[in-house]
file run-v8.pdb (PDB, C-alpha atoms, pLDDT in the B column)
ATOM      1  CA  MET U   1       5.175  -9.230  43.579  1.00 49.00           C
ATOM      2  CA  THR U   2       1.614  -8.198  44.289  1.00 47.00           C
ATOM      3  CA  GLU U   3       1.592  -6.134  47.483  1.00 51.00           C
ATOM      4  CA  SER U   4      -0.648  -3.072  47.701  1.00 53.00           C
ATOM      5  CA  VAL U   5       1.145   0.103  48.749  1.00 51.00           C
ATOM      6  CA  PRO U   6      -0.590   3.156  50.285  1.00 52.00           C
ATOM      7  CA  SER U   7      -0.384   6.028  47.793  1.00 55.00           C
ATOM      8  CA  GLU U   8       1.257   8.444  50.261  1.00 59.00           C
ATOM      9  CA  LYS U   9       4.250   6.089  50.584  1.00 84.00           C
ATOM     10  CA  ARG U  10       4.365   4.888  47.003  1.00 95.00           C
ATOM     11  CA  THR U  11       6.826   5.996  44.351  1.00 98.00           C
ATOM     12  CA  ILE U  12       6.730   4.446  40.870  1.00 98.00           C
ATOM     13  CA  VAL U  13       9.604   4.517  38.410  1.00 98.00           C
ATOM     14  CA  HIS U  14       8.471   3.532  34.922  1.00 98.00           C
ATOM     15  CA  VAL U  15      11.464   2.210  32.962  1.00 98.00           C
ATOM     16  CA  LEU U  16      10.531   2.675  29.308  1.00 98.00           C
ATOM     17  CA  ARG U  17      12.187   1.114  26.280  1.00 98.00           C
ATOM     18  CA  HIS U  18      12.251   3.584  23.375  1.00 97.00           C
ATOM     19  CA  GLY U  19      10.110   3.141  20.254  1.00 97.00           C
ATOM     20  CA  GLU U  20      10.979   1.624  16.892  1.00 96.00           C
ATOM     21  CA  VAL U  21      14.023   3.106  15.144  1.00 96.00           C
ATOM     22  CA  HIS U  22      14.502   3.891  11.449  1.00 95.00           C
ATOM     23  CA  ASN U  23      17.185   1.325  10.554  1.00 93.00           C
ATOM     24  CA  PRO U  24      16.846   0.373   6.864  1.00 90.00           C
ATOM     25  CA  THR U  25      20.223  -1.413   6.707  1.00 87.00           C
ATOM     26  CA  GLY U  26      19.420  -3.647   9.699  1.00 88.00           C
ATOM     27  CA  ILE U  27      22.643  -3.078  11.620  1.00 88.00           C
ATOM     28  CA  LEU U  28      23.209  -3.234  15.343  1.00 90.00           C
ATOM     29  CA  TYR U  29      23.489   0.533  15.818  1.00 92.00           C
ATOM     30  CA  GLY U  30      24.114   0.528  19.568  1.00 92.00           C
ATOM     31  CA  ARG U  31      25.470   3.908  20.639  1.00 93.00           C
ATOM     32  CA  LEU U  32      26.051   5.247  17.123  1.00 93.00           C
ATOM     33  CA  PRO U  33      24.653   8.741  16.510  1.00 92.00           C
ATOM     34  CA  GLY U  34      22.017   9.520  13.895  1.00 90.00           C
ATOM     35  CA  TYR U  35      19.511   6.777  14.657  1.00 95.00           C
ATOM     36  CA  ARG U  36      16.116   8.316  15.315  1.00 96.00           C
ATOM     37  CA  LEU U  37      12.608   6.959  15.716  1.00 97.00           C
ATOM     38  CA  SER U  38      10.738   5.706  12.670  1.00 96.00           C
ATOM     39  CA  VAL U  39       7.225   6.963  11.944  1.00 96.00           C
ATOM     40  CA  THR U  40       5.953   3.913  13.820  1.00 96.00           C
ATOM     41  CA  GLY U  41       8.300   4.672  16.709  1.00 96.00           C
ATOM     42  CA  GLU U  42       6.994   8.219  16.966  1.00 97.00           C
ATOM     43  CA  SER U  43       3.451   6.823  17.115  1.00 97.00           C
ATOM     44  CA  GLN U  44       4.515   4.382  19.839  1.00 97.00           C
ATOM     45  CA  ALA U  45       5.975   7.237  21.878  1.00 98.00           C
ATOM     46  CA  ARG U  46       2.682   9.115  21.636  1.00 97.00           C
ATOM     47  CA  SER U  47       0.800   5.981  22.706  1.00 97.00           C
ATOM     48  CA  VAL U  48       2.881   5.710  25.861  1.00 98.00           C
ATOM     49  CA  ALA U  49       2.405   9.413  26.562  1.00 98.00           C
ATOM     50  CA  ALA U  50      -1.363   8.953  26.242  1.00 97.00           C
ATOM     51  CA  THR U  51      -1.271   5.956  28.596  1.00 97.00           C
ATOM     52  CA  LEU U  52       0.617   7.977  31.205  1.00 98.00           C
ATOM     53  CA  ALA U  53      -1.364  11.193  30.699  1.00 97.00           C
ATOM     54  CA  ASP U  54      -3.418  10.783  33.880  1.00 97.00           C
ATOM     55  CA  HIS U  55      -0.485   9.553  35.983  1.00 98.00           C
ATOM     56  CA  ASP U  56       1.251  11.786  38.513  1.00 98.00           C
ATOM     57  CA  ILE U  57       4.498  12.091  36.550  1.00 98.00           C
ATOM     58  CA  ALA U  58       6.956  14.395  38.305  1.00 98.00           C
ATOM     59  CA  HIS U  59      10.236  13.540  36.568  1.00 98.00           C
ATOM     60  CA  VAL U  60      11.231  12.428  33.054  1.00 98.00           C
ATOM     61  CA  VAL U  61      14.776  11.261  32.380  1.00 98.00           C
ATOM     62  CA  ALA U  62      16.290   9.661  29.286  1.00 98.00           C
ATOM     63  CA  SER U  63      19.391   8.130  27.792  1.00 98.00           C
ATOM     64  CA  PRO U  64      21.404  10.689  25.791  1.00 98.00           C
ATOM     65  CA  LEU U  65      20.742   8.799  22.534  1.00 97.00           C
ATOM     66  CA  GLU U  66      18.356  10.484  20.115  1.00 97.00           C
ATOM     67  CA  ARG U  67      15.768   7.700  20.018  1.00 97.00           C
ATOM     68  CA  ALA U  68      15.399   7.769  23.807  1.00 98.00           C
ATOM     69  CA  GLN U  69      15.122  11.549  23.903  1.00 98.00           C
ATOM     70  CA  GLN U  70      12.441  11.434  21.194  1.00 98.00           C
ATOM     71  CA  THR U  71      10.484   8.783  23.101  1.00 98.00           C
ATOM     72  CA  ALA U  72      10.616  10.877  26.266  1.00 98.00           C
ATOM     73  CA  ALA U  73       9.526  14.098  24.546  1.00 98.00           C
ATOM     74  CA  PRO U  74       5.726  13.597  24.326  1.00 98.00           C
ATOM     75  CA  ILE U  75       5.584  12.387  27.935  1.00 98.00           C
ATOM     76  CA  ALA U  76       7.516  15.399  29.190  1.00 98.00           C
ATOM     77  CA  GLU U  77       5.374  17.724  27.091  1.00 98.00           C
ATOM     78  CA  LYS U  78       2.096  16.337  28.469  1.00 97.00           C
ATOM     79  CA  HIS U  79       3.258  16.925  32.025  1.00 98.00           C
ATOM     80  CA  GLY U  80       5.005  20.261  31.467  1.00 98.00           C
ATOM     81  CA  LEU U  81       8.420  18.859  32.360  1.00 98.00           C
ATOM     82  CA  GLU U  82      11.938  19.189  31.007  1.00 98.00           C
ATOM     83  CA  ILE U  83      13.774  16.023  29.996  1.00 98.00           C
ATOM     84  CA  VAL U  84      16.733  15.239  32.232  1.00 98.00           C
ATOM     85  CA  THR U  85      19.555  13.299  30.554  1.00 98.00           C
ATOM     86  CA  ASP U  86      21.293  10.488  32.442  1.00 98.00           C
ATOM     87  CA  GLU U  87      24.284   8.703  30.884  1.00 98.00           C
ATOM     88  CA  ASN U  88      23.555   5.693  33.098  1.00 98.00           C
ATOM     89  CA  LEU U  89      20.514   4.910  30.911  1.00 98.00           C
ATOM     90  CA  ILE U  90      22.543   4.608  27.688  1.00 98.00           C
ATOM     91  CA  GLU U  91      22.562   1.510  25.468  1.00 96.00           C
ATOM     92  CA  ALA U  92      25.016  -1.268  26.359  1.00 93.00           C
ATOM     93  CA  GLY U  93      28.460  -1.142  24.785  1.00 87.00           C
ATOM     94  CA  ASN U  94      28.900  -3.797  22.073  1.00 83.00           C
ATOM     95  CA  GLN U  95      31.853  -4.749  19.856  1.00 75.00           C
ATOM     96  CA  PHE U  96      29.446  -5.620  17.024  1.00 80.00           C
ATOM     97  CA  GLU U  97      28.158  -2.049  16.856  1.00 81.00           C
ATOM     98  CA  GLY U  98      27.743  -0.907  13.248  1.00 82.00           C
ATOM     99  CA  LEU U  99      27.573  -4.479  11.890  1.00 82.00           C
ATOM    100  CA  LYS U 100      24.854  -6.871  10.870  1.00 80.00           C
ATOM    101  CA  VAL U 101      24.794  -9.737  13.345  1.00 73.00           C
ATOM    102  CA  ALA U 102      22.431 -12.119  11.560  1.00 63.00           C
ATOM    103  CA  VAL U 103      23.624 -15.701  11.296  1.00 56.00           C
ATOM    104  CA  GLY U 104      24.497 -16.571   7.679  1.00 54.00           C
ATOM    105  CA  ASP U 105      25.090 -13.187   6.074  1.00 59.00           C
ATOM    106  CA  GLY U 106      26.240 -11.116   9.054  1.00 65.00           C
ATOM    107  CA  ALA U 107      29.285 -10.661  11.259  1.00 63.00           C
ATOM    108  CA  LEU U 108      28.718 -13.980  13.047  1.00 65.00           C
ATOM    109  CA  SER U 109      29.588 -15.861   9.839  1.00 64.00           C
ATOM    110  CA  ARG U 110      33.123 -14.389   9.779  1.00 68.00           C
ATOM    111  CA  PRO U 111      35.815 -16.275  11.741  1.00 72.00           C
ATOM    112  CA  ARG U 112      37.589 -13.056  12.768  1.00 69.00           C
ATOM    113  CA  HIS U 113      34.633 -12.240  15.017  1.00 66.00           C
ATOM    114  CA  TRP U 114      34.305 -15.640  16.704  1.00 69.00           C
ATOM    115  CA  TRP U 115      36.814 -14.843  19.488  1.00 63.00           C
ATOM    116  CA  LYS U 116      34.447 -12.129  20.704  1.00 68.00           C
ATOM    117  CA  LEU U 117      31.871 -14.839  21.460  1.00 73.00           C
ATOM    118  CA  ARG U 118      34.121 -16.883  23.765  1.00 75.00           C
ATOM    119  CA  ASP U 119      32.334 -15.918  26.988  1.00 76.00           C
ATOM    120  CA  PRO U 120      28.531 -15.504  26.907  1.00 81.00           C
ATOM    121  CA  PHE U 121      28.325 -15.029  30.669  1.00 79.00           C
ATOM    122  CA  THR U 122      30.121 -11.667  31.064  1.00 85.00           C
ATOM    123  CA  PRO U 123      29.695 -11.199  27.994  1.00 86.00           C
ATOM    124  CA  SER U 124      33.025 -11.047  26.123  1.00 81.00           C
ATOM    125  CA  TRP U 125      31.602  -9.022  23.199  1.00 73.00           C
ATOM    126  CA  GLY U 126      30.365  -6.077  25.199  1.00 88.00           C
ATOM    127  CA  GLU U 127      29.692  -4.264  28.441  1.00 92.00           C
ATOM    128  CA  PRO U 128      29.481  -6.645  31.433  1.00 92.00           C
ATOM    129  CA  TYR U 129      25.930  -7.411  32.502  1.00 94.00           C
ATOM    130  CA  LEU U 130      26.679  -6.559  36.138  1.00 96.00           C
ATOM    131  CA  GLN U 131      28.015  -3.144  35.144  1.00 97.00           C
ATOM    132  CA  ILE U 132      24.824  -2.506  33.147  1.00 97.00           C
ATOM    133  CA  ALA U 133      22.667  -3.534  36.110  1.00 97.00           C
ATOM    134  CA  HIS U 134      24.532  -1.296  38.544  1.00 98.00           C
ATOM    135  CA  ARG U 135      24.397   1.833  36.377  1.00 98.00           C
ATOM    136  CA  MET U 136      20.716   1.284  35.580  1.00 98.00           C
ATOM    137  CA  LEU U 137      19.951   0.876  39.272  1.00 98.00           C
ATOM    138  CA  ALA U 138      21.799   4.142  39.956  1.00 98.00           C
ATOM    139  CA  ALA U 139      19.621   5.904  37.363  1.00 98.00           C
ATOM    140  CA  VAL U 140      16.426   4.428  38.795  1.00 98.00           C
ATOM    141  CA  ASN U 141      17.371   5.373  42.349  1.00 98.00           C
ATOM    142  CA  ALA U 142      18.123   8.939  41.279  1.00 98.00           C
ATOM    143  CA  ALA U 143      14.732   9.140  39.536  1.00 98.00           C
ATOM    144  CA  ARG U 144      12.969   7.667  42.575  1.00 98.00           C
ATOM    145  CA  VAL U 145      14.478  10.318  44.824  1.00 97.00           C
ATOM    146  CA  ALA U 146      13.558  13.081  42.343  1.00 97.00           C
ATOM    147  CA  ALA U 147       9.918  11.917  42.209  1.00 98.00           C
ATOM    148  CA  VAL U 148       9.448  10.678  45.764  1.00 97.00           C
ATOM    149  CA  GLY U 149       5.775  10.005  46.504  1.00 97.00           C
ATOM    150  CA  ARG U 150       4.902  10.438  42.833  1.00 98.00           C
ATOM    151  CA  GLU U 151       5.996   8.837  39.518  1.00 98.00           C
ATOM    152  CA  ALA U 152       9.040   9.072  37.250  1.00 98.00           C
ATOM    153  CA  VAL U 153       9.810   7.842  33.737  1.00 98.00           C
ATOM    154  CA  CYS U 154      13.282   6.614  32.717  1.00 98.00           C
ATOM    155  CA  VAL U 155      13.726   6.016  28.967  1.00 98.00           C
ATOM    156  CA  SER U 156      16.405   3.474  28.102  1.00 98.00           C
ATOM    157  CA  HIS U 157      17.127   0.532  25.793  1.00 97.00           C
ATOM    158  CA  GLN U 158      16.183  -3.135  25.602  1.00 96.00           C
ATOM    159  CA  LEU U 159      19.256  -4.850  27.057  1.00 95.00           C
ATOM    160  CA  PRO U 160      19.753  -2.372  29.921  1.00 97.00           C
ATOM    161  CA  VAL U 161      16.056  -2.539  30.848  1.00 98.00           C
ATOM    162  CA  TRP U 162      15.960  -6.333  30.761  1.00 97.00           C
ATOM    163  CA  THR U 163      19.256  -6.644  32.654  1.00 97.00           C
ATOM    164  CA  LEU U 164      17.937  -4.346  35.369  1.00 98.00           C
ATOM    165  CA  ARG U 165      14.758  -6.382  35.706  1.00 97.00           C
ATOM    166  CA  ARG U 166      16.637  -9.677  35.975  1.00 97.00           C
ATOM    167  CA  PHE U 167      18.961  -8.153  38.560  1.00 97.00           C
ATOM    168  CA  LEU U 168      16.042  -6.891  40.667  1.00 98.00           C
ATOM    169  CA  GLU U 169      14.261 -10.252  40.417  1.00 97.00           C
ATOM    170  CA  GLY U 170      17.392 -12.129  41.507  1.00 96.00           C
ATOM    171  CA  GLU U 171      17.782 -13.946  38.177  1.00 95.00           C
ATOM    172  CA  ARG U 172      21.121 -14.734  36.535  1.00 94.00           C
ATOM    173  CA  LEU U 173      22.072 -11.906  34.204  1.00 93.00           C
ATOM    174  CA  TRP U 174      23.198 -13.931  31.186  1.00 87.00           C
ATOM    175  CA  HIS U 175      20.205 -15.071  29.151  1.00 87.00           C
ATOM    176  CA  ASP U 176      18.755 -15.966  25.755  1.00 86.00           C
ATOM    177  CA  PRO U 177      17.929 -12.655  23.975  1.00 86.00           C
ATOM    178  CA  ARG U 178      14.985 -14.341  22.248  1.00 88.00           C
ATOM    179  CA  ASN U 179      13.228 -14.644  25.596  1.00 88.00           C
ATOM    180  CA  ARG U 180      13.390 -11.017  26.698  1.00 92.00           C
ATOM    181  CA  GLN U 181      10.081  -9.550  27.843  1.00 92.00           C
ATOM    182  CA  CYS U 182      10.833  -6.011  26.737  1.00 94.00           C
ATOM    183  CA  SER U 183       8.893  -4.933  23.646  1.00 95.00           C
ATOM    184  CA  LEU U 184       9.399  -1.633  21.894  1.00 96.00           C
ATOM    185  CA  ALA U 185       7.905   1.228  23.956  1.00 97.00           C
ATOM    186  CA  SER U 186       7.107  -1.177  26.804  1.00 97.00           C
ATOM    187  CA  LEU U 187       7.000  -0.155  30.458  1.00 98.00           C
ATOM    188  CA  THR U 188       8.718  -2.004  33.274  1.00 98.00           C
ATOM    189  CA  SER U 189       7.197  -0.189  36.256  1.00 98.00           C
ATOM    190  CA  LEU U 190       9.001  -0.412  39.592  1.00 98.00           C
ATOM    191  CA  VAL U 191       6.791   0.230  42.621  1.00 98.00           C
ATOM    192  CA  TYR U 192       8.492   1.370  45.826  1.00 98.00           C
ATOM    193  CA  ASP U 193       7.243   1.639  49.387  1.00 97.00           C
ATOM    194  CA  GLY U 194       9.705   4.192  50.664  1.00 94.00           C
ATOM    195  CA  ASP U 195      13.102   2.809  49.631  1.00 94.00           C
ATOM    196  CA  THR U 196      11.843  -0.767  49.266  1.00 97.00           C
ATOM    197  CA  LEU U 197      10.899  -2.285  45.909  1.00 97.00           C
ATOM    198  CA  VAL U 198       7.584  -4.096  46.399  1.00 97.00           C
ATOM    199  CA  ASP U 199       6.319  -4.753  42.871  1.00 97.00           C
ATOM    200  CA  ILE U 200       7.397  -4.958  39.233  1.00 98.00           C
ATOM    201  CA  VAL U 201       4.661  -4.499  36.639  1.00 98.00           C
ATOM    202  CA  TYR U 202       5.268  -5.027  32.918  1.00 97.00           C
ATOM    203  CA  SER U 203       2.975  -3.524  30.271  1.00 97.00           C
ATOM    204  CA  GLU U 204       2.924  -2.880  26.522  1.00 95.00           C
ATOM    205  CA  PRO U 205       0.957   0.327  25.826  1.00 94.00           C
ATOM    206  CA  ALA U 206       2.139   0.295  22.203  1.00 89.00           C
ATOM    207  CA  GLY U 207       1.647  -3.464  21.681  1.00 83.00           C
ATOM    208  CA  ALA U 208       4.053  -6.387  21.487  1.00 79.00           C
ATOM    209  CA  SER U 209       7.146  -6.578  19.256  1.00 79.00           C
ATOM    210  CA  ASP U 210       9.898  -9.041  18.356  1.00 69.00           C
ATOM    211  CA  PRO U 211      12.596  -9.154  21.099  1.00 66.00           C
ATOM    212  CA  ASN U 212      15.203  -9.813  18.396  1.00 60.00           C
ATOM    213  CA  VAL U 213      14.836  -6.337  16.842  1.00 57.00           C
ATOM    214  CA  HIS U 214      18.383  -4.968  16.829  1.00 50.00           C
ATOM    215  CA  GLY U 215      19.659  -1.812  18.445  1.00 46.00           C
ATOM    216  CA  ALA U 216      17.188  -1.701  21.298  1.00 51.00           C
TER
END
call {"tool": "encode", "arguments": {"input": "run-v8.pdb", "output": "structure tokens"}}
result
Amino acid sequence: MTESVPSEKRTIVHVLRHGEVHNPTGILYGRLPGYRLSVTGESQARSVAATLADHDIAHVVASPLERAQQTAAPIAEKHGLEIVTDENLIEAGNQFEGLKVAVGDGALSRPRHWWKLRDPFTPSWGEPYLQIAHRMLAAVNAARVAAVGREAVCVSHQLPVWTLRRFLEGERLWHDPRNRQCSLASLTSLVYDGDTLVDIVYSEPAGASDPNVHGA
């Protein structure tokens, strides 16, 4: 999408993946409490805040998980805003939460877990992709209404952000995780003309990262 939208009609919702998390044991931490940004992640959050400093940010909303709240904090501070929490932005549910999922030495090498992998299309091991897409769209629409004519930031997690983007672009929701375009602290910016989505712009203000980094 490349259409130009007059500023008086334009609303932008920046969907932001949180920064790097301190995860020394390398587990898929999902919705588990106690996982906060690493030193690098805190720096990434500040980089995004600096990138958005001259934007007309009117609303900042985040997943209830600590890493998302921390990523939102410097943006909200720069614009004198309070962080709103929206459960619809939370990480996807996953039955492998709390486990290592690496092939060879992780949960995927144990036969008792193989049944969970029977259906990659829904998927069988976690929250359905369509459910993720619908709740993320609800969060984005709420943010768009709150910031109408201006800009909003929604801080979420890798799989929800990528699922939302595929849904909006009309792509099938099941996919190869290695091909996600959703780096740590990246922005997927949704440009609206009134209620109509007219552009999706992806950017990496904190640089690129490996899409296979767990936890998202």
call {"tool": "atom_distance", "arguments": {"input": "run-v8.pdb", "atom1": "CA of Ile27 (chain U)", "atom2": "CA of Gly93 (chain U)"}}
result
14.5 Å
call {"tool": "axis_aligned_box", "arguments": {"input": "run-v8.pdb", "around": "region 186-193 of chain U", "padding_each_side": "3 Å", "output": "JSON"}}
result
{"center_x": 7.9, "center_y": -0.2, "center_z": 38.1, "size_x": 8.2, "size_y": 9.6, "size_z": 28.6}
call {"tool": "residues_around", "arguments": {"input": "run-v8.pdb", "residues": "Ile75 (chain U)", "least_positions_apart": "3", "cutoff": "10 Å", "atoms": "all atoms listed in the file", "output": "list of chain:residue names"}}
result
U:Ala45, U:Arg46, U:Ser47, U:Val48, U:Ala49, U:Ala50, U:Thr51, U:Leu52, U:Ala53, U:Ile57, U:His59, U:Val60, U:Gln70, U:Thr71, U:Ala72, U:Lys78, U:His79, U:Gly80, U:Leu81, U:Glu82, U:Ile83, U:Val153
call {"tool": "atom_distance", "arguments": {"input": "run-v8.pdb", "atom1": "CA of Gly34 (chain U)", "atom2": "CA of Ala152 (chain U)"}}
result
26.7 Å
call {"tool": "residues_around", "arguments": {"input": "run-v8.pdb", "residues": "Glu42 (chain U)", "least_positions_apart": "4", "cutoff": "10 Å", "atoms": "all atoms listed in the file", "output": "mmCIF file with C-alpha atoms, in the coordinates of the input"}}
result
data_model
loop_
_atom_site.group_PDB
_atom_site.id
_atom_site.type_symbol
_atom_site.label_atom_id
_atom_site.label_comp_id
_atom_site.auth_asym_id
_atom_site.auth_seq_id
_atom_site.Cartn_x
_atom_site.Cartn_y
_atom_site.Cartn_z
ATOM 1 C CA HIS U 18 12.251 3.584 23.375
ATOM 2 C CA GLY U 19 10.110 3.141 20.254
ATOM 3 C CA GLU U 20 10.979 1.624 16.892
ATOM 4 C CA VAL U 21 14.023 3.106 15.144
ATOM 5 C CA ARG U 36 16.116 8.316 15.315
ATOM 6 C CA LEU U 37 12.608 6.959 15.716
ATOM 7 C CA SER U 38 10.738 5.706 12.670
ATOM 8 C CA ARG U 46 2.682 9.115 21.636
ATOM 9 C CA SER U 47 0.800 5.981 22.706
ATOM 10 C CA ARG U 67 15.768 7.700 20.018
ATOM 11 C CA GLN U 70 12.441 11.434 21.194
ATOM 12 C CA THR U 71 10.484 8.783 23.101
ATOM 13 C CA ALA U 73 9.526 14.098 24.546
ATOM 14 C CA PRO U 74 5.726 13.597 24.326
ATOM 15 C CA ALA U 185 7.905 1.228 23.956
#
call {"tool": "resolve_selection", "arguments": {"input": "run-v8.pdb", "expression": "the PyMOL selection byres ((chain U and resi 87) around 10)", "output": "list in words"}}
result
Val61, Ala62, Ser63, Pro64, Leu65, Thr85, Asp86, Asn88, Leu89, Ile90, Glu91, Arg135, Met136, Ala139 and Ser156 of chain U
call {"tool": "residues_near_point", "arguments": {"input": "run-v8.pdb", "point": "(17.1, -7.1, 30.4)", "cutoff": "10 Å", "atoms": "all atoms listed in the file", "output": "MDAnalysis selection string"}}
result
chainID U and resid 129 132:133 157:167 173:175 177 179:182
call {"tool": "closest_residue", "arguments": {"input": "run-v8.pdb", "among": "U:Tyr202, U:Trp125, U:Tyr192, U:Tyr35", "to": "Gln95 (chain U)", "atoms": "all atoms listed in the file"}}
result
U:Trp125
call {"tool": "resolve_selection", "arguments": {"input": "run-v8.pdb", "expression": "the PyMOL selection byres ((chain U and resi 189) around 12)", "output": "MDAnalysis selection string"}}
result
chainID U and resid 1 11:17 52 140 144 151:155 161 164:165 168 182 186:188 190:192 197:204
call {"tool": "atom_distance", "arguments": {"input": "run-v8.pdb", "atom1": "CA of Gly30 (chain U)", "atom2": "CA of Gly126 (chain U)"}}
result
10.7 Å
